[in-house]
Amino acid sequence: MVIIDSVRFYRPFWLCMRMLAPTFFRKTTLPVRVYVVGLHLLVTLGFPLHLLIHLLPLPEPADLFKNLIMTLTCLACSLKHVAHLYHLPKSVEIESLLEQLDLFVEGEEEHHYYLKHLQRYAKVFTQCLYISFGVIYVAFIFIFILLVISGSWELIYPAYFPFDWQRNRFLYGVAITYQASCIIIEGVQALINDTYTPLTLCLLGGHLHLWAMRMARLGHDPQENDEDQHQRLLRYIEQHKLLMRLHHLTHQTISPVQLVQLGGCGATLCIIVSYVLFYADDLMSLVYNLIFIVVVCVQLFPSCYFASVVAAEVQSLPYAIFSSRWYERSRRHRRDLLIFTQLTLGTTGRGRVMLAGGFIELNLDAFFATLKMAYSLFAVVVRVKGR
């Protein structure tokens with residue numbers, strides 16, 4: 001028998017959150033508060049800020065593009081992390097709803113779908129994200145080690161520091177250690193940012209499909225009488241309410257995150273491609289940035305894909321209702337089903353579409369539009385450089 005446990009996919013998310021925001025879990029001692037404030041001031045706010053300040057004097061083009069890559073990436077990561085922190089209570093409610101929906105999975109057919117589709121997709125894309133982050137950080141550690149043993153006294157990324165790190169070995173060690181530590185912590189933030197949205201959309205789409213399977217079988221069991229079928233219909237209506245609540249909470253939680261994701265990924269892809277074509281002067285830098293391009297695409301694609309799946313599943317709900325043998329049931333059953341169907345049809349329009357920022361429809365079209373935006377920005381860079 002398949003173990004139905006959707007919440008277990010969130011364990012890495014909550015493990016990271018316990019490290020990044022322990023005060024949410026009622027750990028409110030003074031050292032913990034100092035740790036949280038220091039972490040978010042020095043990393044979430046300070047790291048992208050010290051990269052951004054370096055851009056104000058307009059450095060050399062190579063340094064400008066190299067710095068912009070990490071500046072935009074870390075700025076987007078910090079904004080998404082803040083959005084996730086703000087919506088953590090909604091994330092707790094989302095898990096509670098998923099636990100309730102797991103209890104409704106019944107029959108061999110639904111268990112088979114959960115195992116072969118929902119659980120499989122959740123595992124595959126989370127493993128792909130973990131592997132992509134692992135590869136990029138293995139490359140980062142290798143570059144960091146080469147930078148340290150070379151003795152060149154260079155920072156990982158050109159940035160502003162309020163002290164002269166170029167003339168003092170200790171201050172240089174402080175500066176480069178700060179950057180390395182922040183990049184690792186930002187990586188943990190990015191990992192939870194980029195796994196939560198597609199994972200939640202995947203589970204939502206899977207449970208919508210499971211409910212549709214359940215609803216389509218209504219009335220096909222000859223051993224149940226009219227009253228049993230009507231009570232089952234009422235239970236399915238209550239399950240539908242839970243699904244719509246889950247849909248609403250998911251939309252509220254991921255909307256600001258995906259707005260930052262779409263804009264940040266498009267701009268970052270443009271800058272990385274420009275840097276690789278015009279300024280990458282060594283093999284390691286070329287390989288690192290090419291891997292970075294793949295990671296950015298891997299970050300964006302799952303959210304857009306599973307948002308499309310959710311939209312398709314919502315649109316198919318009325319068909320699942322009509323697939324039941326409603327025409328063989330009692331007058332009361334048909335009346336309740338008719339009212340429910342009208343309400344369901346009213347929720348399949350734009351009100352049930354995932355929107356990034358409240359105005360950009362999140363689907364595969366948004367993914368390709370982001371790639372087109374990156375290409376357009378790249379064309380502008382090529383034209384400006386050609387002058």
# chains A, B, ... in the order shown; residues from 1 in each chain; ligands from 1
>>> residues_around(residues="Val309 in chain A", least_positions_apart="4", cutoff="9 Å", atoms="only C-alpha atoms", output="VMD selection string")
chain A and resid 201 to 202 205 to 206 304 to 305 313 to 314 363
>>> write_last_selection(atoms="N, CA and C atoms", output="short mmCIF file (atom, residue, chain, number, x, y, z; two decimals), in the first residue's frame")
data_model
loop_
_atom_site.label_atom_id
_atom_site.label_comp_id
_atom_site.auth_asym_id
_atom_site.auth_seq_id
_atom_site.Cartn_x
_atom_site.Cartn_y
_atom_site.Cartn_z
N LEU A 201 2.53 23.79 -6.07
CA LEU A 201 1.69 23.70 -7.27
C LEU A 201 1.55 22.25 -7.73
N CYS A 202 2.62 21.48 -7.63
CA CYS A 202 2.57 20.07 -8.01
C CYS A 202 1.58 19.30 -7.14
N GLY A 205 -2.04 20.47 -7.96
CA GLY A 205 -2.52 19.87 -9.20
C GLY A 205 -2.83 18.39 -9.05
N GLY A 206 -1.99 17.68 -8.29
CA GLY A 206 -2.23 16.26 -8.06
C GLY A 206 -3.51 15.99 -7.29
N CYS A 304 6.40 27.42 -13.68
CA CYS A 304 5.53 27.71 -14.82
C CYS A 304 4.81 26.45 -15.31
N TYR A 305 5.53 25.32 -15.32
CA TYR A 305 4.92 24.08 -15.79
C TYR A 305 3.79 23.63 -14.87
N GLU A 313 -6.16 21.39 -14.64
CA GLU A 313 -6.96 20.55 -13.74
C GLU A 313 -8.20 21.29 -13.27
N VAL A 314 -8.08 22.59 -13.00
CA VAL A 314 -9.24 23.37 -12.59
C VAL A 314 -10.27 23.42 -13.71
N ASN A 363 2.29 30.51 -16.27
CA ASN A 363 2.16 29.28 -17.04
C ASN A 363 3.39 29.14 -17.94
#
>>> residues_around(residues="His240 in chain A", least_positions_apart="5", cutoff="12 Å", atoms="only C-alpha atoms", output="number ranges by chain")
A: 97, 100-101, 104, 204, 207-212, 214-215, 233-235, 245-247, 314, 317-318, 321, 340-341, 343-344, 347
>>> residues_around(residues="Ser274 in chain A", least_positions_apart="4", cutoff="9 Å", atoms="only C-alpha atoms", output="list in words")
Phe65, Leu269, Cys270, Phe278, Tyr279, Phe378, Val381 and Val382 of chain A
>>> residues_around(residues="Asp5 in chain A", least_positions_apart="4", cutoff="10 Å", atoms="only C-alpha atoms", output="list in words")
Phe9, Leu98, Glu99, Leu101, Asp102, Leu103, Tyr114 and Gln119 of chain A
>>> write_last_selection(atoms="N, CA, C and O atoms", output="PDB file, in the first residue's frame")
ATOM      1  N   PHE A   9       7.402  16.173   1.783  1.00  0.00           N
ATOM      2  CA  PHE A   9       8.232  16.868   0.794  1.00  0.00           C
ATOM      3  C   PHE A   9       8.656  18.250   1.280  1.00  0.00           C
ATOM      4  O   PHE A   9       9.576  18.842   0.725  1.00  0.00           O
ATOM      5  N   LEU A  98      -3.189  20.050   3.120  1.00  0.00           N
ATOM      6  CA  LEU A  98      -2.664  18.880   2.411  1.00  0.00           C
ATOM      7  C   LEU A  98      -2.804  17.612   3.255  1.00  0.00           C
ATOM      8  O   LEU A  98      -3.105  16.535   2.722  1.00  0.00           O
ATOM      9  N   GLU A  99      -2.579  17.734   4.554  1.00  0.00           N
ATOM     10  CA  GLU A  99      -2.762  16.576   5.433  1.00  0.00           C
ATOM     11  C   GLU A  99      -4.205  16.092   5.396  1.00  0.00           C
ATOM     12  O   GLU A  99      -4.465  14.879   5.379  1.00  0.00           O
ATOM     13  N   LEU A 101      -6.366  16.550   2.884  1.00  0.00           N
ATOM     14  CA  LEU A 101      -6.649  16.012   1.548  1.00  0.00           C
ATOM     15  C   LEU A 101      -6.024  14.625   1.360  1.00  0.00           C
ATOM     16  O   LEU A 101      -6.581  13.789   0.637  1.00  0.00           O
ATOM     17  N   ASP A 102      -4.886  14.394   2.009  1.00  0.00           N
ATOM     18  CA  ASP A 102      -4.260  13.065   1.917  1.00  0.00           C
ATOM     19  C   ASP A 102      -5.178  11.979   2.463  1.00  0.00           C
ATOM     20  O   ASP A 102      -5.163  10.830   1.986  1.00  0.00           O
ATOM     21  N   LEU A 103      -5.977  12.326   3.470  1.00  0.00           N
ATOM     22  CA  LEU A 103      -6.859  11.336   4.098  1.00  0.00           C
ATOM     23  C   LEU A 103      -7.982  10.893   3.174  1.00  0.00           C
ATOM     24  O   LEU A 103      -8.587   9.837   3.384  1.00  0.00           O
ATOM     25  N   TYR A 114      -1.227   8.552  -7.306  1.00  0.00           N
ATOM     26  CA  TYR A 114      -0.386   9.278  -6.350  1.00  0.00           C
ATOM     27  C   TYR A 114       1.068   8.820  -6.461  1.00  0.00           C
ATOM     28  O   TYR A 114       1.994   9.642  -6.446  1.00  0.00           O
ATOM     29  N   GLN A 119       3.678  11.789  -6.654  1.00  0.00           N
ATOM     30  CA  GLN A 119       4.894  11.567  -5.874  1.00  0.00           C
ATOM     31  C   GLN A 119       6.136  11.541  -6.764  1.00  0.00           C
ATOM     32  O   GLN A 119       7.192  12.095  -6.407  1.00  0.00           O
TER      33      GLN A 119
END
>>> select_by_dssp(residues="range 162-361 of chain A", states="strand (DSSP E or B)", output="short mmCIF file (atom, residue, chain, number, x, y, z; two decimals) with C-alpha atoms, in the first residue's frame")
data_model
loop_
_atom_site.label_atom_id
_atom_site.label_comp_id
_atom_site.auth_asym_id
_atom_site.auth_seq_id
_atom_site.Cartn_x
_atom_site.Cartn_y
_atom_site.Cartn_z
CA LEU A 355 -0.98 35.30 -11.27
CA ALA A 356 2.55 36.52 -10.54
CA ILE A 360 1.13 38.17 -14.99
CA GLU A 361 -0.47 34.79 -15.69
#
>>> residues_around(residues="Ile254 in chain A", least_positions_apart="4", cutoff="12 Å", atoms="only C-alpha atoms", output="VMD selection string")
chain A and resid 80 to 81 83 to 88 90 to 91 94 193 to 201 247 to 250 258 to 262 303 to 304 307 354 to 358 362
>>> write_last_selection(atoms="N, CA and C atoms", output="mmCIF file, in the first residue's frame")
data_model
loop_
_atom_site.group_PDB
_atom_site.id
_atom_site.type_symbol
_atom_site.label_atom_id
_atom_site.label_comp_id
_atom_site.auth_asym_id
_atom_site.auth_seq_id
_atom_site.Cartn_x
_atom_site.Cartn_y
_atom_site.Cartn_z
ATOM 1 N N LYS A 80 12.564 37.402 -2.370
ATOM 2 C CA LYS A 80 11.724 36.191 -2.301
ATOM 3 C C LYS A 80 11.727 35.611 -0.890
ATOM 4 N N HIS A 81 12.887 35.683 -0.238
ATOM 5 C CA HIS A 81 12.976 35.155 1.125
ATOM 6 C C HIS A 81 12.105 35.965 2.082
ATOM 7 N N ALA A 83 9.437 37.615 1.279
ATOM 8 C CA ALA A 83 8.049 37.275 0.958
ATOM 9 C C ALA A 83 7.649 35.951 1.603
ATOM 10 N N HIS A 84 8.556 34.970 1.575
ATOM 11 C CA HIS A 84 8.258 33.680 2.208
ATOM 12 C C HIS A 84 8.121 33.824 3.721
ATOM 13 N N LEU A 85 8.980 34.647 4.332
ATOM 14 C CA LEU A 85 8.876 34.856 5.774
ATOM 15 C C LEU A 85 7.530 35.483 6.131
ATOM 16 N N TYR A 86 7.088 36.424 5.307
ATOM 17 C CA TYR A 86 5.819 37.101 5.565
ATOM 18 C C TYR A 86 4.639 36.131 5.470
ATOM 19 N N HIS A 87 4.746 35.151 4.571
ATOM 20 C CA HIS A 87 3.626 34.228 4.339
ATOM 21 C C HIS A 87 3.800 32.888 5.062
ATOM 22 N N LEU A 88 4.721 32.803 6.026
ATOM 23 C CA LEU A 88 4.918 31.532 6.735
ATOM 24 C C LEU A 88 3.645 31.019 7.419
ATOM 25 N N LYS A 90 0.628 31.250 6.364
ATOM 26 C CA LYS A 90 -0.156 30.631 5.286
ATOM 27 C C LYS A 90 0.457 29.298 4.881
ATOM 28 N N SER A 91 1.776 29.197 4.924
ATOM 29 C CA SER A 91 2.430 27.927 4.592
ATOM 30 C C SER A 91 2.050 26.840 5.582
ATOM 31 N N ILE A 94 -1.366 25.730 4.613
ATOM 32 C CA ILE A 94 -1.294 24.913 3.400
ATOM 33 C C ILE A 94 -0.945 23.470 3.748
ATOM 34 N N ASN A 193 13.411 29.009 -1.628
ATOM 35 C CA ASN A 193 12.574 29.863 -2.483
ATOM 36 C C ASN A 193 12.133 29.132 -3.736
ATOM 37 N N ASP A 194 13.066 28.405 -4.341
ATOM 38 C CA ASP A 194 12.818 27.821 -5.656
ATOM 39 C C ASP A 194 12.192 26.436 -5.607
ATOM 40 N N THR A 195 12.135 25.817 -4.435
ATOM 41 C CA THR A 195 11.469 24.515 -4.330
ATOM 42 C C THR A 195 10.034 24.647 -3.835
ATOM 43 N N TYR A 196 9.754 25.665 -3.033
ATOM 44 C CA TYR A 196 8.430 25.741 -2.401
ATOM 45 C C TYR A 196 7.313 25.935 -3.419
ATOM 46 N N THR A 197 7.475 26.886 -4.337
ATOM 47 C CA THR A 197 6.397 27.184 -5.287
ATOM 48 C C THR A 197 6.063 25.997 -6.188
ATOM 49 N N PRO A 198 7.031 25.428 -6.919
ATOM 50 C CA PRO A 198 6.669 24.292 -7.777
ATOM 51 C C PRO A 198 6.181 23.082 -6.995
ATOM 52 N N LEU A 199 6.724 22.863 -5.803
ATOM 53 C CA LEU A 199 6.273 21.731 -4.995
ATOM 54 C C LEU A 199 4.809 21.895 -4.597
ATOM 55 N N THR A 200 4.445 23.090 -4.148
ATOM 56 C CA THR A 200 3.066 23.332 -3.737
ATOM 57 C C THR A 200 2.112 23.242 -4.929
ATOM 58 N N LEU A 201 2.527 23.790 -6.067
ATOM 59 C CA LEU A 201 1.690 23.699 -7.269
ATOM 60 C C LEU A 201 1.550 22.254 -7.733
ATOM 61 N N HIS A 247 -6.018 26.341 -3.084
ATOM 62 C CA HIS A 247 -5.697 27.111 -4.292
ATOM 63 C C HIS A 247 -5.533 28.588 -3.950
ATOM 64 N N HIS A 248 -6.451 29.120 -3.150
ATOM 65 C CA HIS A 248 -6.401 30.536 -2.777
ATOM 66 C C HIS A 248 -5.136 30.864 -1.982
ATOM 67 N N LEU A 249 -4.819 30.033 -0.992
ATOM 68 C CA LEU A 249 -3.626 30.266 -0.171
ATOM 69 C C LEU A 249 -2.351 30.140 -0.995
ATOM 70 N N THR A 250 -2.331 29.161 -1.891
ATOM 71 C CA THR A 250 -1.159 28.987 -2.754
ATOM 72 C C THR A 250 -0.940 30.220 -3.620
ATOM 73 N N GLN A 258 6.836 34.835 -7.371
ATOM 74 C CA GLN A 258 6.977 34.568 -8.795
ATOM 75 C C GLN A 258 7.137 35.848 -9.620
ATOM 76 N N LEU A 259 6.611 36.964 -9.139
ATOM 77 C CA LEU A 259 6.849 38.228 -9.830
ATOM 78 C C LEU A 259 8.334 38.566 -9.812
ATOM 79 N N VAL A 260 8.954 38.419 -8.654
ATOM 80 C CA VAL A 260 10.398 38.651 -8.539
ATOM 81 C C VAL A 260 11.169 37.612 -9.353
ATOM 82 N N GLN A 261 10.684 36.368 -9.331
ATOM 83 C CA GLN A 261 11.350 35.295 -10.070
ATOM 84 C C GLN A 261 11.385 35.560 -11.561
ATOM 85 N N LEU A 262 10.263 35.950 -12.135
ATOM 86 C CA LEU A 262 10.197 36.188 -13.577
ATOM 87 C C LEU A 262 11.101 37.347 -13.989
ATOM 88 N N SER A 303 7.991 25.974 -11.867
ATOM 89 C CA SER A 303 6.859 26.780 -11.387
ATOM 90 C C SER A 303 5.871 27.050 -12.518
ATOM 91 N N CYS A 304 6.403 27.418 -13.682
ATOM 92 C CA CYS A 304 5.531 27.706 -14.820
ATOM 93 C C CYS A 304 4.813 26.445 -15.305
ATOM 94 N N ALA A 307 2.122 25.386 -12.725
ATOM 95 C CA ALA A 307 1.013 26.348 -12.755
ATOM 96 C C ALA A 307 0.091 26.050 -13.932
ATOM 97 N N MET A 354 -3.335 31.247 -11.573
ATOM 98 C CA MET A 354 -2.206 31.727 -10.784
ATOM 99 C C MET A 354 -1.602 32.954 -11.470
ATOM 100 N N LEU A 355 -1.510 34.055 -10.726
ATOM 101 C CA LEU A 355 -0.975 35.300 -11.266
ATOM 102 C C LEU A 355 0.255 35.708 -10.478
ATOM 103 N N ALA A 356 1.338 36.006 -11.179
ATOM 104 C CA ALA A 356 2.550 36.515 -10.537
ATOM 105 C C ALA A 356 2.394 38.015 -10.329
ATOM 106 N N GLY A 357 2.385 38.439 -9.070
ATOM 107 C CA GLY A 357 2.206 39.843 -8.779
ATOM 108 C C GLY A 357 0.803 40.343 -8.998
ATOM 109 N N GLY A 358 -0.130 39.452 -9.274
ATOM 110 C CA GLY A 358 -1.507 39.841 -9.476
ATOM 111 C C GLY A 358 -1.869 40.230 -10.888
ATOM 112 N N LEU A 362 0.765 33.002 -14.649
ATOM 113 C CA LEU A 362 1.876 32.075 -14.476
ATOM 114 C C LEU A 362 1.576 30.767 -15.193
#
>>> select_by_dssp(residues="range 216-259 of chain A", states="alpha helix (DSSP H)", output="JSON, numbers by chain")
{"A": [216, 226, 227, 228, 229, 230, 231, 232, 233, 234, 235, 236, 237, 238, 239, 240, 241, 242, 243, 244, 245, 246, 247, 248, 249, 250, 251, 252, 253, 254, 255, 256, 257, 258, 259]}
>>> residues_around(residues="range 40-54 of chain A", least_positions_apart="2", cutoff="10 Å", atoms="only C-alpha atoms", output="number ranges by chain")
A: 20-21, 35-38, 56-59, 63-64, 67-68, 70-79, 81-82, 157-162, 178-179, 181-183, 185-186, 189
>>> write_last_selection(atoms="C-alpha atoms", output="PDB file, in the first residue's frame")
ATOM      1  CA  LEU A  20      16.986  31.111   8.987  1.00  0.00           C
ATOM      2  CA  ALA A  21      13.950  32.127  11.072  1.00  0.00           C
ATOM      3  CA  TYR A  35      21.177  35.927  15.652  1.00  0.00           C
ATOM      4  CA  VAL A  36      18.084  36.496  13.479  1.00  0.00           C
ATOM      5  CA  VAL A  37      18.548  40.277  13.333  1.00  0.00           C
ATOM      6  CA  GLY A  38      22.252  39.936  12.567  1.00  0.00           C
ATOM      7  CA  LEU A  56      27.584  53.408  -8.248  1.00  0.00           C
ATOM      8  CA  PRO A  57      31.024  54.608  -9.475  1.00  0.00           C
ATOM      9  CA  LEU A  58      30.404  52.655 -12.757  1.00  0.00           C
ATOM     10  CA  PRO A  59      33.398  50.243 -12.762  1.00  0.00           C
ATOM     11  CA  ASP A  63      33.498  44.038 -13.422  1.00  0.00           C
ATOM     12  CA  LEU A  64      30.115  45.673 -13.994  1.00  0.00           C
ATOM     13  CA  ASN A  67      28.965  42.158 -10.314  1.00  0.00           C
ATOM     14  CA  LEU A  68      25.479  42.583 -11.787  1.00  0.00           C
ATOM     15  CA  MET A  70      25.402  38.238  -8.385  1.00  0.00           C
ATOM     16  CA  THR A  71      23.771  41.546  -7.408  1.00  0.00           C
ATOM     17  CA  LEU A  72      20.530  40.748  -9.225  1.00  0.00           C
ATOM     18  CA  THR A  73      20.584  37.117  -8.121  1.00  0.00           C
ATOM     19  CA  CYS A  74      21.075  37.971  -4.448  1.00  0.00           C
ATOM     20  CA  LEU A  75      18.648  40.899  -4.531  1.00  0.00           C
ATOM     21  CA  ALA A  76      15.936  38.667  -6.019  1.00  0.00           C
ATOM     22  CA  CYS A  77      16.791  35.923  -3.525  1.00  0.00           C
ATOM     23  CA  SER A  78      16.478  38.324  -0.578  1.00  0.00           C
ATOM     24  CA  LEU A  79      13.147  39.705  -1.804  1.00  0.00           C
ATOM     25  CA  HIS A  81      12.976  35.155   1.125  1.00  0.00           C
ATOM     26  CA  VAL A  82      11.292  38.144   2.783  1.00  0.00           C
ATOM     27  CA  TYR A 157      32.784  39.484  -6.515  1.00  0.00           C
ATOM     28  CA  PRO A 158      33.815  43.146  -6.753  1.00  0.00           C
ATOM     29  CA  ALA A 159      32.068  44.918  -3.888  1.00  0.00           C
ATOM     30  CA  TYR A 160      32.164  47.830  -1.479  1.00  0.00           C
ATOM     31  CA  PHE A 161      33.594  47.501   2.034  1.00  0.00           C
ATOM     32  CA  PRO A 162      33.916  50.321   4.573  1.00  0.00           C
ATOM     33  CA  TYR A 178      32.058  37.428   4.586  1.00  0.00           C
ATOM     34  CA  GLN A 179      31.364  37.025   0.879  1.00  0.00           C
ATOM     35  CA  SER A 181      29.566  32.859   3.989  1.00  0.00           C
ATOM     36  CA  CYS A 182      26.867  35.099   2.530  1.00  0.00           C
ATOM     37  CA  ILE A 183      26.845  33.228  -0.778  1.00  0.00           C
ATOM     38  CA  ILE A 185      23.526  31.348   3.200  1.00  0.00           C
ATOM     39  CA  GLU A 186      21.928  32.994   0.154  1.00  0.00           C
ATOM     40  CA  GLN A 189      17.541  30.852   0.926  1.00  0.00           C
TER      41      GLN A 189
END
>>> atom_distance(atom1="CA of Val295 in chain A", atom2="CA of Lys66 in chain A")
16.7 Å
>>> decode(residues="range 171-181 of chain A", atoms="all heavy atoms", output="compact mmCIF listing (two decimals), in the first residue's frame")
# COMPACT_ATOMS: atom_id res chain seq x y z
N LEU A 171 42.09 42.06 7.15
CA LEU A 171 40.86 42.65 6.62
C LEU A 171 40.45 41.98 5.31
O LEU A 171 39.25 41.84 5.03
CB LEU A 171 41.04 44.15 6.41
CG LEU A 171 41.22 44.98 7.69
CD1 LEU A 171 41.42 46.45 7.35
CD2 LEU A 171 40.02 44.81 8.61
N TYR A 172 41.44 41.57 4.51
CA TYR A 172 41.11 40.83 3.29
C TYR A 172 40.45 39.49 3.63
O TYR A 172 39.48 39.07 3.00
CB TYR A 172 42.36 40.58 2.45
CG TYR A 172 42.15 39.61 1.32
CD1 TYR A 172 41.40 39.97 0.20
CD2 TYR A 172 42.69 38.32 1.36
CE1 TYR A 172 41.19 39.07 -0.83
CE2 TYR A 172 42.48 37.41 0.33
CZ TYR A 172 41.73 37.80 -0.77
OH TYR A 172 41.52 36.92 -1.78
N GLY A 173 40.98 38.83 4.67
CA GLY A 173 40.37 37.57 5.11
C GLY A 173 38.95 37.77 5.60
O GLY A 173 38.07 36.94 5.32
N VAL A 174 38.71 38.87 6.32
CA VAL A 174 37.36 39.18 6.78
C VAL A 174 36.42 39.38 5.59
O VAL A 174 35.30 38.87 5.55
CB VAL A 174 37.36 40.43 7.68
CG1 VAL A 174 35.93 40.89 7.98
CG2 VAL A 174 38.11 40.15 8.98
N ALA A 175 36.90 40.15 4.59
CA ALA A 175 36.06 40.48 3.43
C ALA A 175 35.71 39.24 2.62
O ALA A 175 34.54 39.01 2.28
CB ALA A 175 36.77 41.50 2.55
N ILE A 176 36.69 38.41 2.33
CA ILE A 176 36.43 37.25 1.47
C ILE A 176 35.64 36.18 2.24
O ILE A 176 34.80 35.48 1.66
CB ILE A 176 37.74 36.69 0.90
CG1 ILE A 176 37.43 35.78 -0.29
CG2 ILE A 176 38.54 35.94 1.95
CD1 ILE A 176 38.66 35.36 -1.07
N THR A 177 35.88 36.08 3.56
CA THR A 177 35.09 35.14 4.36
C THR A 177 33.64 35.58 4.44
O THR A 177 32.71 34.76 4.38
CB THR A 177 35.67 35.02 5.78
OG1 THR A 177 37.04 34.59 5.69
CG2 THR A 177 34.87 34.04 6.62
N TYR A 178 33.42 36.89 4.56
CA TYR A 178 32.06 37.43 4.59
C TYR A 178 31.34 37.10 3.29
O TYR A 178 30.19 36.64 3.30
CB TYR A 178 32.11 38.94 4.79
CG TYR A 178 30.78 39.63 4.58
CD1 TYR A 178 29.78 39.57 5.54
CD2 TYR A 178 30.52 40.34 3.41
CE1 TYR A 178 28.54 40.19 5.35
CE2 TYR A 178 29.29 40.97 3.20
CZ TYR A 178 28.31 40.88 4.17
OH TYR A 178 27.11 41.49 3.96
N GLN A 179 32.01 37.31 2.16
CA GLN A 179 31.36 37.02 0.88
C GLN A 179 31.06 35.54 0.72
O GLN A 179 29.96 35.16 0.29
CB GLN A 179 32.24 37.51 -0.27
CG GLN A 179 32.25 39.01 -0.46
CD GLN A 179 32.78 39.41 -1.82
OE1 GLN A 179 33.57 38.71 -2.45
NE2 GLN A 179 32.34 40.57 -2.29
N ALA A 180 32.02 34.69 1.07
CA ALA A 180 31.80 33.24 0.92
C ALA A 180 30.66 32.77 1.82
O ALA A 180 29.79 31.99 1.39
CB ALA A 180 33.08 32.49 1.26
N SER A 181 30.63 33.27 3.06
CA SER A 181 29.57 32.86 3.99
C SER A 181 28.20 33.33 3.50
O SER A 181 27.22 32.58 3.55
CB SER A 181 29.84 33.43 5.39
OG SER A 181 31.09 33.00 5.87
